[in-house]
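Student: Contents are compact mmCIF, C-alpha atoms; file name target_16.txt:
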```txt
# COMPACT_ATOMS: atom_id res chain seq x y z
CA MET A 1 35.57 -38.17 37.09
CA PHE A 2 39.20 -37.96 38.20
CA ARG A 3 38.53 -34.46 39.48
CA MET A 4 35.64 -35.76 41.63
CA VAL A 5 37.84 -38.45 43.17
CA GLU A 6 40.55 -35.88 43.80
CA ILE A 7 38.09 -33.55 45.57
CA PHE A 8 36.62 -36.42 47.59
CA ILE A 9 40.00 -37.67 48.85
CA GLY A 10 41.34 -34.14 49.33
CA SER A 11 38.40 -33.02 51.41
CA ILE A 12 38.76 -35.99 53.76
CA LEU A 13 42.51 -35.91 54.31
CA ASP A 14 44.32 -32.85 53.07
CA HIS A 15 41.58 -30.22 53.55
CA ASN A 16 39.70 -31.90 56.39
CA ILE A 17 36.85 -29.55 57.26
CA ALA A 18 37.23 -30.03 61.03
CA LEU A 19 40.99 -30.26 61.40
CA ALA A 20 42.17 -27.82 58.71
CA TYR A 21 39.25 -25.39 58.34
CA ILE A 22 38.13 -25.67 61.99
CA LEU A 23 34.39 -25.92 61.30
CA GLY A 24 31.73 -27.64 63.40
CA MET A 25 33.67 -27.33 66.64
CA CYS A 26 30.72 -26.98 69.04
CA PRO A 27 29.23 -30.45 68.41
CA LEU A 28 32.72 -31.90 67.88
CA ILE A 29 33.69 -30.95 71.43
CA ALA A 30 30.28 -31.54 73.02
CA ILE A 31 29.44 -35.00 71.63
CA SER A 32 32.88 -36.61 71.53
CA THR A 33 32.95 -37.96 75.09
CA ASN A 34 31.76 -41.37 73.96
CA LEU A 35 32.39 -43.30 70.79
CA LYS A 36 28.85 -44.52 70.15
CA ASN A 37 27.30 -41.05 70.20
CA ALA A 38 30.16 -39.72 68.08
CA LYS A 39 29.38 -42.30 65.39
CA GLY A 40 25.66 -41.43 65.47
CA MET A 41 26.35 -37.73 65.14
CA GLY A 42 28.90 -38.38 62.39
CA LEU A 43 26.42 -40.43 60.33
CA ALA A 44 23.68 -37.84 60.79
CA VAL A 45 26.06 -35.12 59.58
CA VAL A 46 27.13 -37.14 56.52
CA PHE A 47 23.47 -37.61 55.61
CA VAL A 48 22.35 -34.01 56.09
CA VAL A 49 25.43 -32.31 54.61
CA THR A 50 25.35 -34.41 51.44
CA LEU A 51 21.62 -33.79 51.04
CA THR A 52 21.73 -30.03 51.66
CA GLY A 53 24.77 -29.65 49.41
CA LEU A 54 22.85 -31.24 46.55
CA ILE A 55 19.74 -29.12 47.26
CA ASN A 56 21.58 -25.84 47.67
CA TYR A 57 23.48 -26.14 44.39
CA PRO A 58 20.48 -25.76 42.02
CA ILE A 59 19.10 -23.06 44.32
CA TYR A 60 22.35 -21.16 43.97
CA LEU A 61 22.13 -21.44 40.17
CA LEU A 62 18.63 -19.96 40.39
CA LEU A 63 19.89 -17.08 42.54
CA LYS A 64 22.71 -16.48 40.09
CA ALA A 65 20.32 -16.41 37.13
CA THR A 66 18.15 -13.82 38.88
CA ASP A 67 21.21 -11.81 39.99
CA SER A 68 20.41 -11.98 43.71
CA THR A 69 23.45 -13.80 45.08
CA HIS A 70 23.68 -11.38 48.03
CA LEU A 71 20.68 -13.27 49.45
CA ALA A 72 22.56 -16.58 49.29
CA LEU A 73 23.18 -16.73 53.05
CA LEU A 74 19.55 -16.20 53.95
CA VAL A 75 18.31 -18.71 51.38
CA PHE A 76 20.90 -21.36 52.28
CA ILE A 77 20.18 -21.26 55.99
CA THR A 78 16.44 -21.42 55.40
CA THR A 79 16.89 -24.41 53.08
CA ILE A 80 19.05 -26.14 55.66
CA ALA A 81 16.59 -25.54 58.50
CA ALA A 82 13.69 -26.71 56.33
CA THR A 83 15.57 -29.81 55.14
CA VAL A 84 16.45 -30.82 58.68
CA GLN A 85 12.88 -30.28 59.86
CA PHE A 86 11.49 -32.23 56.91
CA LEU A 87 13.99 -35.04 57.38
CA GLU A 88 13.03 -35.30 61.03
CA MET A 89 9.34 -35.66 60.19
CA PHE A 90 10.04 -38.06 57.31
CA LEU A 91 12.25 -40.36 59.39
CA ASP A 92 9.81 -40.25 62.28
CA LYS A 93 6.98 -41.39 60.03
CA PHE A 94 8.63 -43.96 57.77
CA PHE A 95 11.84 -45.11 59.47
CA PRO A 96 11.17 -44.95 63.23
CA LYS A 97 14.21 -47.12 63.96
CA LEU A 98 16.56 -44.77 62.17
CA TYR A 99 14.80 -41.82 63.79
CA ASN A 100 15.48 -43.24 67.25
CA ALA A 101 19.12 -43.73 66.37
CA PHE A 102 19.58 -40.17 65.02
CA GLY A 103 16.98 -38.72 67.40
CA ILE A 104 18.61 -36.00 69.42
CA PHE A 105 21.31 -35.23 66.88
CA LEU A 106 19.12 -34.07 64.02
CA PRO A 107 17.86 -30.73 65.42
CA LEU A 108 21.40 -29.88 66.52
CA ILE A 109 22.64 -30.11 62.96
CA THR A 110 21.02 -26.86 61.83
CA VAL A 111 23.55 -24.95 63.91
CA ASN A 112 26.49 -27.10 62.82
CA CYS A 113 28.75 -24.79 60.83
CA VAL A 114 29.80 -27.67 58.57
CA VAL A 115 26.43 -27.65 56.82
CA LEU A 116 26.44 -23.95 55.96
CA GLY A 117 30.23 -24.01 55.50
CA VAL A 118 30.03 -26.61 52.73
CA SER A 119 27.43 -24.53 50.87
CA LEU A 120 29.55 -21.37 51.19
CA PHE A 121 32.74 -23.15 50.10
CA PHE A 122 31.26 -24.55 46.89
CA VAL A 123 30.14 -21.03 45.99
CA ASN A 124 33.60 -19.58 46.69
CA ARG A 125 35.38 -22.32 44.74
CA GLU A 126 32.96 -22.29 41.78
CA TYR A 127 32.38 -26.04 41.65
CA ASN A 128 30.05 -27.71 39.15
CA PHE A 129 27.34 -30.14 40.23
CA GLY A 130 29.47 -33.30 40.26
CA GLU A 131 32.27 -31.57 42.14
CA THR A 132 29.76 -30.20 44.68
CA ALA A 133 28.41 -33.70 45.28
CA ALA A 134 31.94 -35.11 45.77
CA PHE A 135 32.88 -32.21 48.04
CA SER A 136 29.73 -32.36 50.22
CA PHE A 137 30.15 -36.09 50.72
CA GLY A 138 33.91 -35.89 51.26
CA ALA A 139 33.77 -32.98 53.68
CA SER A 140 31.14 -34.63 55.85
CA VAL A 141 32.98 -37.96 55.88
CA GLY A 142 36.09 -36.00 56.88
CA TRP A 143 34.17 -34.45 59.77
CA MET A 144 32.99 -37.89 60.85
CA VAL A 145 36.55 -39.20 60.75
CA ALA A 146 37.62 -36.32 63.01
CA ILE A 147 34.85 -36.78 65.59
CA VAL A 148 35.34 -40.56 65.74
CA LEU A 149 39.12 -40.19 66.19
CA LEU A 150 38.64 -37.57 68.90
CA ALA A 151 35.98 -39.60 70.72
CA GLY A 152 38.15 -42.72 70.66
CA VAL A 153 41.08 -40.87 72.21
CA ARG A 154 38.91 -39.09 74.80
CA GLU A 155 37.15 -42.30 75.82
CA GLN A 156 40.48 -44.04 76.47
CA MET A 157 41.90 -40.99 78.24
CA ALA A 158 38.94 -40.82 80.61
CA LYS A 159 39.71 -44.40 81.69
CA ARG A 160 43.46 -44.37 81.93
CA SER A 161 45.09 -41.00 82.24
CA ASP A 162 45.55 -38.44 84.96
CA VAL A 163 44.76 -35.07 83.38
CA PRO A 164 45.53 -31.85 85.32
CA ARG A 165 42.33 -30.45 86.87
CA GLY A 166 42.32 -27.20 84.96
CA LEU A 167 42.72 -29.01 81.66
CA ALA A 168 40.16 -31.78 82.23
CA GLY A 169 37.14 -31.88 79.90
CA LYS A 170 37.20 -29.35 77.10
CA GLY A 171 40.75 -28.09 77.61
CA ILE A 172 42.34 -31.45 76.91
CA ALA A 173 40.00 -31.96 73.93
CA PHE A 174 41.64 -28.96 72.26
CA ILE A 175 45.12 -30.31 72.89
CA ILE A 176 44.10 -33.68 71.37
CA LEU A 177 42.55 -31.86 68.39
CA GLY A 178 45.77 -29.90 67.98
CA ILE A 179 47.82 -33.10 67.80
CA LEU A 180 45.34 -34.75 65.38
CA SER A 181 45.38 -31.63 63.24
CA LEU A 182 49.18 -31.63 63.25
CA ALA A 183 49.09 -35.25 62.06
CA PHE A 184 46.74 -34.31 59.22
CA VAL A 185 49.15 -31.56 58.14
CA GLY A 186 51.23 -34.50 56.97
CA PHE A 187 48.71 -35.03 54.15
CA SER A 188 49.10 -31.52 52.78
CA GLY A 189 49.79 -31.30 49.07
CA LEU A 190 47.96 -34.58 48.46
CA ALA A 191 45.15 -33.09 46.38
CA ASN A 192 44.35 -29.68 44.97
CA ILE A 193 40.70 -28.93 45.65
CA GLY A 194 40.68 -25.12 45.50
CA MET B 195 30.00 5.15 96.98
CA ASN B 196 28.52 5.09 93.52
CA TRP B 197 30.75 2.13 92.67
CA ILE B 198 29.23 0.08 95.47
CA ARG B 199 25.73 0.84 94.31
CA LEU B 200 26.72 0.02 90.72
CA LYS B 201 27.84 -3.41 91.85
CA TYR B 202 24.32 -4.48 92.67
CA THR B 203 22.52 -3.24 89.57
CA LYS B 204 21.31 -5.75 87.00
CA PRO B 205 23.26 -4.39 83.99
CA PHE B 206 26.49 -4.61 86.00
CA ASN B 207 25.84 -8.25 86.79
CA ILE B 208 24.97 -9.03 83.17
CA MET B 209 28.21 -7.35 82.06
CA ARG B 210 30.25 -9.37 84.54
CA GLU B 211 28.64 -12.65 83.45
CA GLY B 212 29.50 -12.06 79.79
CA LEU B 213 32.99 -10.70 80.32
CA SER B 214 34.41 -13.12 82.85
CA ARG B 215 32.21 -15.52 84.81
CA ASN B 216 30.50 -17.03 81.80
CA ASN B 217 32.86 -15.89 79.07
CA PRO B 218 31.49 -17.43 75.86
CA ILE B 219 34.83 -18.76 74.65
CA VAL B 220 36.99 -19.82 77.57
CA ILE B 221 34.26 -20.95 79.99
CA SER B 222 31.23 -21.97 77.90
CA VAL B 223 33.41 -22.93 74.88
CA LEU B 224 30.95 -21.70 72.24
CA GLY B 225 31.64 -20.13 68.87
CA ILE B 226 35.06 -21.73 68.60
CA CYS B 227 35.14 -22.17 64.82
CA SER B 228 35.75 -18.53 64.03
CA ALA B 229 37.79 -18.05 67.20
CA LEU B 230 40.39 -20.45 65.85
CA ALA B 231 40.07 -20.26 62.09
CA ILE B 232 40.74 -16.54 61.59
CA THR B 233 42.97 -15.66 64.54
CA ASN B 234 46.36 -15.88 62.86
CA ARG B 235 46.30 -12.06 62.47
CA VAL B 236 45.10 -9.46 64.98
CA GLU B 237 43.26 -7.31 62.42
CA ASN B 238 41.10 -10.27 61.36
CA ALA B 239 40.28 -10.96 65.01
CA ILE B 240 39.20 -7.33 65.57
CA ALA B 241 37.02 -7.32 62.44
CA MET B 242 35.44 -10.62 63.43
CA GLY B 243 34.88 -9.39 66.99
CA ILE B 244 33.14 -6.23 65.81
CA GLY B 245 30.99 -8.27 63.44
CA VAL B 246 29.91 -10.77 66.07
CA THR B 247 29.19 -8.01 68.62
CA PHE B 248 27.07 -6.18 66.06
CA VAL B 249 25.16 -9.32 65.10
CA ILE B 250 24.55 -10.43 68.71
CA MET B 251 23.32 -6.99 69.78
CA GLY B 252 21.13 -6.48 66.73
CA SER B 253 19.59 -9.93 66.57
CA SER B 254 19.04 -10.23 70.34
CA ALA B 255 17.34 -6.82 70.45
CA MET B 256 15.14 -7.81 67.53
CA VAL B 257 14.23 -11.19 69.06
CA SER B 258 13.50 -9.47 72.36
CA LEU B 259 11.24 -6.91 70.64
CA ILE B 260 9.08 -9.52 68.95
CA ARG B 261 9.40 -12.20 71.65
CA GLN B 262 5.64 -12.19 72.37
CA PHE B 263 4.79 -12.97 68.74
CA ILE B 264 7.20 -15.86 68.08
CA PRO B 265 5.43 -19.24 68.28
CA SER B 266 7.72 -21.50 70.26
CA ARG B 267 7.63 -24.31 67.68
CA VAL B 268 9.23 -22.24 64.94
CA ARG B 269 11.43 -20.04 67.11
CA MET B 270 14.72 -21.51 65.84
CA VAL B 271 13.90 -20.73 62.23
CA THR B 272 12.79 -17.24 63.24
CA TYR B 273 16.12 -16.60 64.98
CA MET B 274 17.95 -17.91 61.94
CA VAL B 275 16.21 -15.51 59.59
CA ILE B 276 16.77 -12.52 61.91
CA ILE B 277 20.42 -13.43 62.49
CA SER B 278 21.16 -13.95 58.82
CA SER B 279 19.71 -10.54 57.92
CA PHE B 280 22.16 -8.88 60.31
CA VAL B 281 25.03 -11.00 59.02
CA ILE B 282 24.25 -10.00 55.42
CA ALA B 283 24.23 -6.33 56.51
CA PHE B 284 27.63 -6.74 58.18
CA GLN B 285 29.03 -8.56 55.15
CA MET B 286 27.94 -5.71 52.86
CA ILE B 287 29.48 -3.06 55.16
CA LEU B 288 32.73 -5.02 55.24
CA ALA B 289 32.78 -5.51 51.47
CA ALA B 290 32.16 -1.80 50.90
CA PHE B 291 34.69 -0.31 53.34
CA PHE B 292 37.27 -3.03 54.08
CA PRO B 293 37.42 -5.27 50.99
CA LEU B 294 40.86 -6.64 51.93
CA ILE B 295 39.70 -7.93 55.31
CA GLU B 296 36.53 -9.29 53.72
CA GLU B 297 38.64 -11.30 51.28
CA GLU B 298 40.82 -12.62 54.10
CA LEU B 299 37.86 -13.70 56.24
CA GLY B 300 36.08 -15.22 53.23
CA ALA B 301 33.36 -17.71 54.12
CA TYR B 302 33.87 -17.15 57.86
CA VAL B 303 31.84 -13.91 57.79
CA GLY B 304 28.82 -15.85 56.56
CA LEU B 305 29.46 -18.48 59.19
CA ILE B 306 28.68 -15.94 61.96
CA ILE B 307 25.09 -17.19 61.40
CA THR B 308 25.94 -20.58 62.84
CA ASN B 309 28.09 -19.12 65.61
CA CYS B 310 26.59 -20.78 68.68
CA ILE B 311 27.01 -17.64 70.79
CA VAL B 312 24.53 -15.64 68.71
CA MET B 313 21.93 -18.38 68.70
CA GLY B 314 22.64 -19.16 72.34
CA ARG B 315 22.04 -15.59 73.52
CA SER B 316 18.76 -15.41 71.61
CA GLU B 317 17.56 -18.68 73.09
CA ALA B 318 18.92 -18.28 76.62
CA PHE B 319 18.45 -14.57 77.23
CA ALA B 320 16.65 -12.50 74.61
CA VAL B 321 13.35 -14.41 74.54
CA LYS B 322 12.91 -13.92 78.27
CA ASN B 323 14.11 -10.38 78.86
CA PRO B 324 13.19 -6.81 77.87
CA VAL B 325 15.18 -4.99 75.20
CA LYS B 326 17.33 -2.80 77.47
CA TYR B 327 18.89 -5.75 79.31
CA THR B 328 19.20 -7.74 76.11
CA VAL B 329 21.34 -5.02 74.53
CA VAL B 330 23.64 -4.96 77.57
CA ASP B 331 23.88 -8.75 77.46
CA GLY B 332 24.68 -8.72 73.74
CA LEU B 333 27.39 -6.11 74.28
CA ALA B 334 28.90 -8.02 77.22
CA ASN B 335 29.06 -11.29 75.29
CA GLY B 336 30.37 -9.56 72.18
CA ILE B 337 33.16 -7.86 74.10
CA GLY B 338 33.90 -11.04 76.02
CA TYR B 339 34.27 -12.82 72.66
CA THR B 340 36.35 -10.04 71.10
CA TYR B 341 38.97 -9.71 73.82
CA VAL B 342 39.64 -13.44 73.91
CA LEU B 343 39.98 -13.43 70.11
CA VAL B 344 42.43 -10.52 70.25
CA LEU B 345 44.42 -12.31 72.96
CA ILE B 346 44.66 -15.55 70.95
CA SER B 347 45.52 -13.73 67.74
CA SER B 348 48.22 -11.61 69.44
CA ILE B 349 49.96 -14.73 70.69
CA ARG B 350 49.70 -16.40 67.29
CA GLU B 351 50.73 -13.37 65.25
CA ILE B 352 53.76 -12.62 67.46
CA LEU B 353 55.03 -16.18 67.28
CA ALA B 354 54.15 -16.76 63.62
CA PHE B 355 55.21 -13.46 62.03
CA GLY B 356 56.95 -11.53 64.82
CA THR B 357 54.49 -8.66 64.36
CA ILE B 358 51.33 -7.18 65.90
CA LEU B 359 48.90 -5.46 63.50
CA GLY B 360 51.78 -5.41 61.02
CA PHE B 361 54.29 -3.66 63.35
CA ARG B 362 57.42 -5.67 64.08
CA VAL B 363 57.85 -6.50 67.78
CA LEU B 364 60.35 -9.34 67.63
CA PRO B 365 63.79 -9.07 65.95
CA GLU B 366 64.16 -10.38 62.39
CA ALA B 367 66.48 -13.12 63.67
CA PHE B 368 63.65 -14.74 65.66
CA PRO B 369 62.81 -18.10 64.07
CA VAL B 370 59.10 -17.99 63.10
CA TRP B 371 56.80 -20.74 64.32
CA THR B 372 55.02 -21.81 61.15
CA VAL B 373 52.71 -24.08 63.16
CA MET B 374 51.04 -20.96 64.62
CA THR B 375 49.77 -19.82 61.20
CA ILE B 376 47.86 -23.06 60.59
CA ALA B 377 45.07 -24.83 62.46
CA PRO B 378 47.07 -26.80 65.09
CA GLY B 379 48.51 -23.56 66.51
CA GLY B 380 45.00 -22.29 67.21
CA PHE B 381 44.01 -25.50 68.99
CA PHE B 382 47.12 -25.49 71.20
CA VAL B 383 46.84 -21.80 72.12
CA LEU B 384 43.15 -22.08 73.06
CA GLY B 385 43.72 -25.32 75.02
CA LEU B 386 46.52 -23.74 77.04
CA LEU B 387 44.55 -20.51 77.52
CA ILE B 388 41.61 -22.47 78.97
CA TRP B 389 44.02 -24.29 81.26
CA ILE B 390 45.63 -21.07 82.53
CA ILE B 391 42.31 -19.29 83.08
CA ARG B 392 40.66 -22.21 84.85
CA GLU B 393 43.74 -22.72 87.02
CA LEU B 394 43.89 -19.03 87.98
CA SER B 395 40.17 -18.67 88.67
CA LYS B 396 39.89 -22.09 90.36
CA ASN B 397 36.80 -22.60 88.21
CA PHE B 398 37.19 -26.26 87.26
CA GLU B 399 34.93 -28.26 84.96
CA TYR B 400 34.86 -31.23 87.34
CA GLN B 401 34.90 -30.25 90.96
CA ASN B 402 36.74 -33.25 92.44
```
Step by step, read the file and then write its structure as structure tokens.
Tutor:
Amino acid sequence: MFRMVEIFIGSILDHNIALAYILGMCPLIAISTNLKNAKGMGLAVVFVVTLTGLINYPIYLLLKATDSTHLALLVFITTIAATVQFLEMFLDKFFPKLYNAFGIFLPLITVNCVVLGVSLFFVNREYNFGETAAFSFGASVGWMVAIVLLAGVREQMAKRSDVPRGLAGKGIAFIILGILSLAFVGFSGLANIG
Amino acid sequence: MNWIRLKYTKPFNIMREGLSRNNPIVISVLGICSALAITNRVENAIAMGIGVTFVIMGSSAMVSLIRQFIPSRVRMVTYMVIISSFVIAFQMILAAFFPLIEEELGAYVGLIITNCIVMGRSEAFAVKNPVKYTVVDGLANGIGYTYVLVLISSIREILAFGTILGFRVLPEAFPVWTVMTIAPGGFFVLGLLIWIIRELSKNFEYQN
């Protein structure tokens, strides 16, 4: 139990998947111009990453038992694409309100590296089921924290500051990310999740 | 004379798009994860660049070959399966011949699958064009990706270790910049690189 808490906290702060491992950058840069969309995308990622982490773990055990782990990549990405597609249809049918809120973000998640990254990391680190659950949830919450922080800063900057022309837009987003990431370096050594 | 004629051919234009005008990293800002995560050493950047070039060329050519048979509803999943087959092939080659680099890159080799450039070229170019142009386009984007990666990693490796590809270029007395070995260094270098390139080419994101 303590180990699960350690992994959860560590993967949000110390080993933040966006700011320390630099995963999921494309949507992080593209959708962080306004805070509301950033929250929507963050929630959708938390949902999908946690779900696919839990689905991929037993599948990996199956692959291991049949000695075909070299196919892990192919199987993981197919599972992820299928889960996202299924989730889209399921939400559309039973929770139309939620579907309208997530709407455009869901299909984009298949190509978010965080989803595949989480599945590859739990393989590399040899987690058990409980640790995988804590890690999937923690990593996605960490990603959400990063996109919400970035969107907040960018939204305020767009209103108040005078950014050089060449740096406006994506350029300045990287500088902000650099500073955020530097701040998160302050958490290093908090938890050992390796 | 030949040079002038070359300037108007389609492959030349495709090459120029990928290498400079629409460079996947500094202009379109795609595929950033690997561009920042593994560029603290030049050799990793070269290995990653070769891998991505191989995967883009292979998967785009394959998508282009079967483009008439892919139903548009399931095209994303089809690309995914094709791309991941090429990534698995590259991972096996790397593990067999360069196990040290494979260990260093770790999960990031597998993450080539979700590299937006690969998917983007399949969706934006390969499904609409014949194989010969697709291969040129894949090569152009791959090289455009690789040289930016090598540039970023050279800056980071020089400042962080004082070396390039393991050879010492700065004196031992130079104080190393530890920040360049970790994530923030990558963000700062790429941000400044985008600034310099946009300023030089007068190609701004917002035109006023």
Student: By how many Å are atom CA of Glu88 of chain A and atom CA of Gly42 of chain A apart?
Tutor: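 For atom CA of Glu88 of chain A relative to atom CA of Gly42 of chain A, the distance reads 16.2 Å.
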Student: Using all atoms listed in the file, find each residue in chain B having at least one atom no more than 8 Å away from chain A; report its shortest atom-to-atom pair and that distance in Å (one decimal), rows by chain then rising number, as CSV.
Tutor:
```
residue,atom,partner,partner_atom,distance
B:Val223,CA,A:Cys26,CA,7.6
B:Leu224,CA,A:Cys26,CA,6.2
B:Gly225,CA,A:Cys26,CA,6.9
B:Ile226,CA,A:Met25,CA,6.1
B:Cys227,CA,A:Leu23,CA,5.2
B:Ser228,CA,A:Ile22,CA,7.8
B:Leu230,CA,A:Ile22,CA,6.9
B:Ala231,CA,A:Ile22,CA,5.7
B:Val271,CA,A:Ala81,CA,6.7
B:Met274,CA,A:Ile77,CA,7.2
B:Val275,CA,A:Leu74,CA,6.6
B:Ser278,CA,A:Leu74,CA,5.6
B:Ser279,CA,A:Leu74,CA,6.9
B:Ile282,CA,A:Leu73,CA,7.2
B:Ala301,CA,A:Leu120,CA,6.0
B:Gly304,CA,A:Leu73,CA,6.7
B:Leu305,CA,A:Cys113,CA,6.6
B:Thr308,CA,A:Val111,CA,5.1
B:Asn309,CA,A:Cys113,CA,7.4
B:Cys310,CA,A:Val111,CA,7.0
B:Ile376,CA,A:Ala20,CA,7.7
B:Ala377,CA,A:Ala20,CA,5.6
B:Pro378,CA,A:Gly178,CA,4.4
B:Gly379,CA,A:Gly178,CA,7.1
B:Gly380,CA,A:Gly178,CA,7.7
B:Phe381,CA,A:Gly178,CA,4.8
B:Phe382,CA,A:Ile175,CA,5.5
B:Leu384,CA,A:Phe174,CA,7.1
B:Gly385,CA,A:Gly171,CA,4.8
B:Leu386,CA,A:Gly171,CA,7.2
B:Ile388,CA,A:Gly171,CA,5.8
B:Trp389,CA,A:Leu167,CA,4.9
B:Ile390,CA,A:Gly166,CA,7.4
B:Arg392,CA,A:Gly166,CA,5.3
B:Glu393,CA,A:Gly166,CA,5.1
B:Lys396,CA,A:Gly166,CA,7.8
B:Asn397,CA,A:Gly166,CA,7.9
B:Phe398,CA,A:Gly166,CA,5.7
B:Glu399,CA,A:Gly169,CA,6.6
B:Tyr400,CA,A:Ala168,CA,7.4
```
Student: Got time to write the residues from that selection, C-alpha atoms, as a PDB file, keeping the file's coordinate frame?
Tutor:
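Saved the output as again30.pdb:
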```pdb
ATOM      1  CA  VAL B 223      33.410 -22.930  74.880  1.00  0.00           C
ATOM      2  CA  LEU B 224      30.950 -21.700  72.240  1.00  0.00           C
ATOM      3  CA  GLY B 225      31.640 -20.130  68.870  1.00  0.00           C
ATOM      4  CA  ILE B 226      35.060 -21.730  68.600  1.00  0.00           C
ATOM      5  CA  CYS B 227      35.140 -22.170  64.820  1.00  0.00           C
ATOM      6  CA  SER B 228      35.750 -18.530  64.030  1.00  0.00           C
ATOM      7  CA  LEU B 230      40.390 -20.450  65.850  1.00  0.00           C
ATOM      8  CA  ALA B 231      40.070 -20.260  62.090  1.00  0.00           C
ATOM      9  CA  VAL B 271      13.900 -20.730  62.230  1.00  0.00           C
ATOM     10  CA  MET B 274      17.950 -17.910  61.940  1.00  0.00           C
ATOM     11  CA  VAL B 275      16.210 -15.510  59.590  1.00  0.00           C
ATOM     12  CA  SER B 278      21.160 -13.950  58.820  1.00  0.00           C
ATOM     13  CA  SER B 279      19.710 -10.540  57.920  1.00  0.00           C
ATOM     14  CA  ILE B 282      24.250 -10.000  55.420  1.00  0.00           C
ATOM     15  CA  ALA B 301      33.360 -17.710  54.120  1.00  0.00           C
ATOM     16  CA  GLY B 304      28.820 -15.850  56.560  1.00  0.00           C
ATOM     17  CA  LEU B 305      29.460 -18.480  59.190  1.00  0.00           C
ATOM     18  CA  THR B 308      25.940 -20.580  62.840  1.00  0.00           C
ATOM     19  CA  ASN B 309      28.090 -19.120  65.610  1.00  0.00           C
ATOM     20  CA  CYS B 310      26.590 -20.780  68.680  1.00  0.00           C
ATOM     21  CA  ILE B 376      47.860 -23.060  60.590  1.00  0.00           C
ATOM     22  CA  ALA B 377      45.070 -24.830  62.460  1.00  0.00           C
ATOM     23  CA  PRO B 378      47.070 -26.800  65.090  1.00  0.00           C
ATOM     24  CA  GLY B 379      48.510 -23.560  66.510  1.00  0.00           C
ATOM     25  CA  GLY B 380      45.000 -22.290  67.210  1.00  0.00           C
ATOM     26  CA  PHE B 381      44.010 -25.500  68.990  1.00  0.00           C
ATOM     27  CA  PHE B 382      47.120 -25.490  71.200  1.00  0.00           C
ATOM     28  CA  LEU B 384      43.150 -22.080  73.060  1.00  0.00           C
ATOM     29  CA  GLY B 385      43.720 -25.320  75.020  1.00  0.00           C
ATOM     30  CA  LEU B 386      46.520 -23.740  77.040  1.00  0.00           C
ATOM     31  CA  ILE B 388      41.610 -22.470  78.970  1.00  0.00           C
ATOM     32  CA  TRP B 389      44.020 -24.290  81.260  1.00  0.00           C
ATOM     33  CA  ILE B 390      45.630 -21.070  82.530  1.00  0.00           C
ATOM     34  CA  ARG B 392      40.660 -22.210  84.850  1.00  0.00           C
ATOM     35  CA  GLU B 393      43.740 -22.720  87.020  1.00  0.00           C
ATOM     36  CA  LYS B 396      39.890 -22.090  90.360  1.00  0.00           C
ATOM     37  CA  ASN B 397      36.800 -22.600  88.210  1.00  0.00           C
ATOM     38  CA  PHE B 398      37.190 -26.260  87.260  1.00  0.00           C
ATOM     39  CA  GLU B 399      34.930 -28.260  84.960  1.00  0.00           C
ATOM     40  CA  TYR B 400      34.860 -31.230  87.340  1.00  0.00           C
TER      41      TYR B 400
END
```
Student: Let me know the centre plus edge lengths, in Å and rounded to one decimal, of a box with edges along x, y and z that contains all listed atoms of segment 83-100 of chain A and is padded by 6 Å on every side, as JSON.
Tutor:
```
{"center_x": 11.8, "center_y": -38.5, "center_z": 61.2, "size_x": 21.6, "size_y": 29.3, "size_z": 24.1}
```
Student: Can you tell me, as an NGL selection string, what residues are no more than 12 Å from Val330 of chain B when counting all atoms listed in the file, ignoring any on the same chain fewer than 3 positions away?
Tutor: :B and (204-213 or 247 or 250-252 or 254-255 or 315 or 319-320 or 323-327 or 333-337)
Student: Quick check, in Å to one decimal: how far apart do atom CA of Gln156 of chain A and atom CA of Ser32 of chain A lie?
Tutor: 11.7 Å
Student: Please list, as a short mmCIF file (atom, residue, chain, number, x, y, z; two decimals) with C-alpha atoms, keeping the file's coordinate frame, the residues that have an atom at most 12 Å away from (38.0, -30.6, 48.7) in the coordinates of this file, counting all atoms listed in the file.
Tutor:
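As written to disk, selection.cif reads:
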```
data_model
loop_
_atom_site.label_atom_id
_atom_site.label_comp_id
_atom_site.auth_asym_id
_atom_site.auth_seq_id
_atom_site.Cartn_x
_atom_site.Cartn_y
_atom_site.Cartn_z
CA ARG A 3 38.53 -34.46 39.48
CA MET A 4 35.64 -35.76 41.63
CA VAL A 5 37.84 -38.45 43.17
CA GLU A 6 40.55 -35.88 43.80
CA ILE A 7 38.09 -33.55 45.57
CA PHE A 8 36.62 -36.42 47.59
CA ILE A 9 40.00 -37.67 48.85
CA GLY A 10 41.34 -34.14 49.33
CA SER A 11 38.40 -33.02 51.41
CA ILE A 12 38.76 -35.99 53.76
CA LEU A 13 42.51 -35.91 54.31
CA ASP A 14 44.32 -32.85 53.07
CA HIS A 15 41.58 -30.22 53.55
CA ASN A 16 39.70 -31.90 56.39
CA ILE A 17 36.85 -29.55 57.26
CA ALA A 20 42.17 -27.82 58.71
CA TYR A 21 39.25 -25.39 58.34
CA VAL A 118 30.03 -26.61 52.73
CA PHE A 121 32.74 -23.15 50.10
CA PHE A 122 31.26 -24.55 46.89
CA ARG A 125 35.38 -22.32 44.74
CA GLU A 126 32.96 -22.29 41.78
CA TYR A 127 32.38 -26.04 41.65
CA GLU A 131 32.27 -31.57 42.14
CA THR A 132 29.76 -30.20 44.68
CA ALA A 133 28.41 -33.70 45.28
CA ALA A 134 31.94 -35.11 45.77
CA PHE A 135 32.88 -32.21 48.04
CA SER A 136 29.73 -32.36 50.22
CA PHE A 137 30.15 -36.09 50.72
CA GLY A 138 33.91 -35.89 51.26
CA ALA A 139 33.77 -32.98 53.68
CA SER A 140 31.14 -34.63 55.85
CA VAL A 141 32.98 -37.96 55.88
CA GLY A 142 36.09 -36.00 56.88
CA SER A 188 49.10 -31.52 52.78
CA GLY A 189 49.79 -31.30 49.07
CA LEU A 190 47.96 -34.58 48.46
CA ALA A 191 45.15 -33.09 46.38
CA ASN A 192 44.35 -29.68 44.97
CA ILE A 193 40.70 -28.93 45.65
CA GLY A 194 40.68 -25.12 45.50
#
```
